[in-house]
Amino acid sequence: LGNPFNFEEDRDGFVVGVGMETVLTGAWTLKTEYRYSYYGDDTVFSFDDGDTFSDVYVEPSTHTFHLGANYKFGAESGGPAIEVPAYNWTGFYIGVAGAAGAAVTELSGDGASLDGIGGEGIRGEINAGYDRDFGSFVAGIQVDAHYGNIQSELELVFGGPSIDIDATADYGFDILARAGMKVNESTLAYV
C-alpha cells in the first residue's frame, strides 16, 4: 500500500473490495467497484509528564467507490452487452478510473479513543492487469496507481495550545488479486 499517510515508516495494510465489470463493445469494458483500504497504525505523538508515558496512535482507513473503463488487448468479440455476446476474459488490459471516497481515522491512546474522524475526497487511477477465463469462473491480478485528495482533519484545542492532525490518502499503489463468477457471458461479478 505504500505510505499514503506519510507515516515515518511503512505499515502493513490491506485492500478488500467487490465489483462488477461488463463488456461495452469490442475490447472496452465498464467496471464499478467498492474498496475498503486499511493502512495500519502509527504513533503520531507521545506525552511524558515524568510520572506517566502515553503514546497517541492514528489508525486510518478509506472507503472508495470506483467507476472505470478498461481496454483489453486482443479482444475478439463485439456488440453491446445487452446482446450478451460470448466474451473471453483471458488477456491483458489497461484502464482508468475515477473514485469518490471517505477517510475514517481512529485516534487512540492511554485507554481512550476517538473514532470516526472523517473526511472525503476524490481520486483518479490508472491500472493494468491480466485475467484468465476458466469457463464460468475468472481470476486475475491488477496493479494500480492512484492520486487524489481524500483526507481526515482534526484540530484539538487545549485552552491555548492546539494539535492539528491531518491524515491524507493522496497517493498510493496497490497490487490486487481478483476472482469472480460470470453473471452472463459479458458481465463479471468479482471480489
# chains A, B, ... in the order shown; residues from 1 in each chain; ligands from 1
>>> residues_around(residues="stretch 123-127 of chain A", least_positions_apart="3", cutoff="7 Å", atoms="only C-alpha atoms", output="number ranges by chain")
A: 94-100, 142-149
>>> write_last_selection(atoms="C-alpha atoms", output="tab-separated table (two decimals), in the first residue's frame")
chain	number	residue	atom	x	y	z
A	94	ILE	CA	-5.18	-1.30	-19.16
A	95	GLY	CA	-7.70	1.06	-17.65
A	96	VAL	CA	-8.58	4.31	-15.94
A	97	ALA	CA	-11.00	5.01	-13.12
A	98	GLY	CA	-12.30	7.84	-11.02
A	99	ALA	CA	-13.27	7.36	-7.39
A	100	ALA	CA	-15.09	9.25	-4.66
A	142	GLN	CA	-4.13	-5.98	-11.28
A	143	VAL	CA	-1.71	-3.22	-10.32
A	144	ASP	CA	-2.86	0.36	-9.96
A	145	ALA	CA	-1.55	3.78	-9.11
A	146	HIS	CA	-3.89	6.42	-7.72
A	147	TYR	CA	-3.70	10.07	-6.78
A	148	GLY	CA	-6.28	12.26	-5.05
A	149	ASN	CA	-7.28	14.33	-2.05
>>> residues_around(residues="stretch 10-22 of chain A", least_positions_apart="3", cutoff="6 Å", atoms="only C-alpha atoms", output="list in words")
Asn3, Thr29, Leu30, Lys31, Thr32, Glu33, Tyr34, Arg35, Tyr36, Ser37, Tyr38, Tyr39, Gly40, Ser186, Thr187, Leu188, Ala189, Tyr190 and Val191 of chain A
>>> atom_distance(atom1="atom CA of A:Val23", atom2="atom CA of A:Lys72")
10.1 Å
>>> atom_distance(atom1="atom CA of A:Leu176", atom2="atom CA of A:Asp133")
17.0 Å
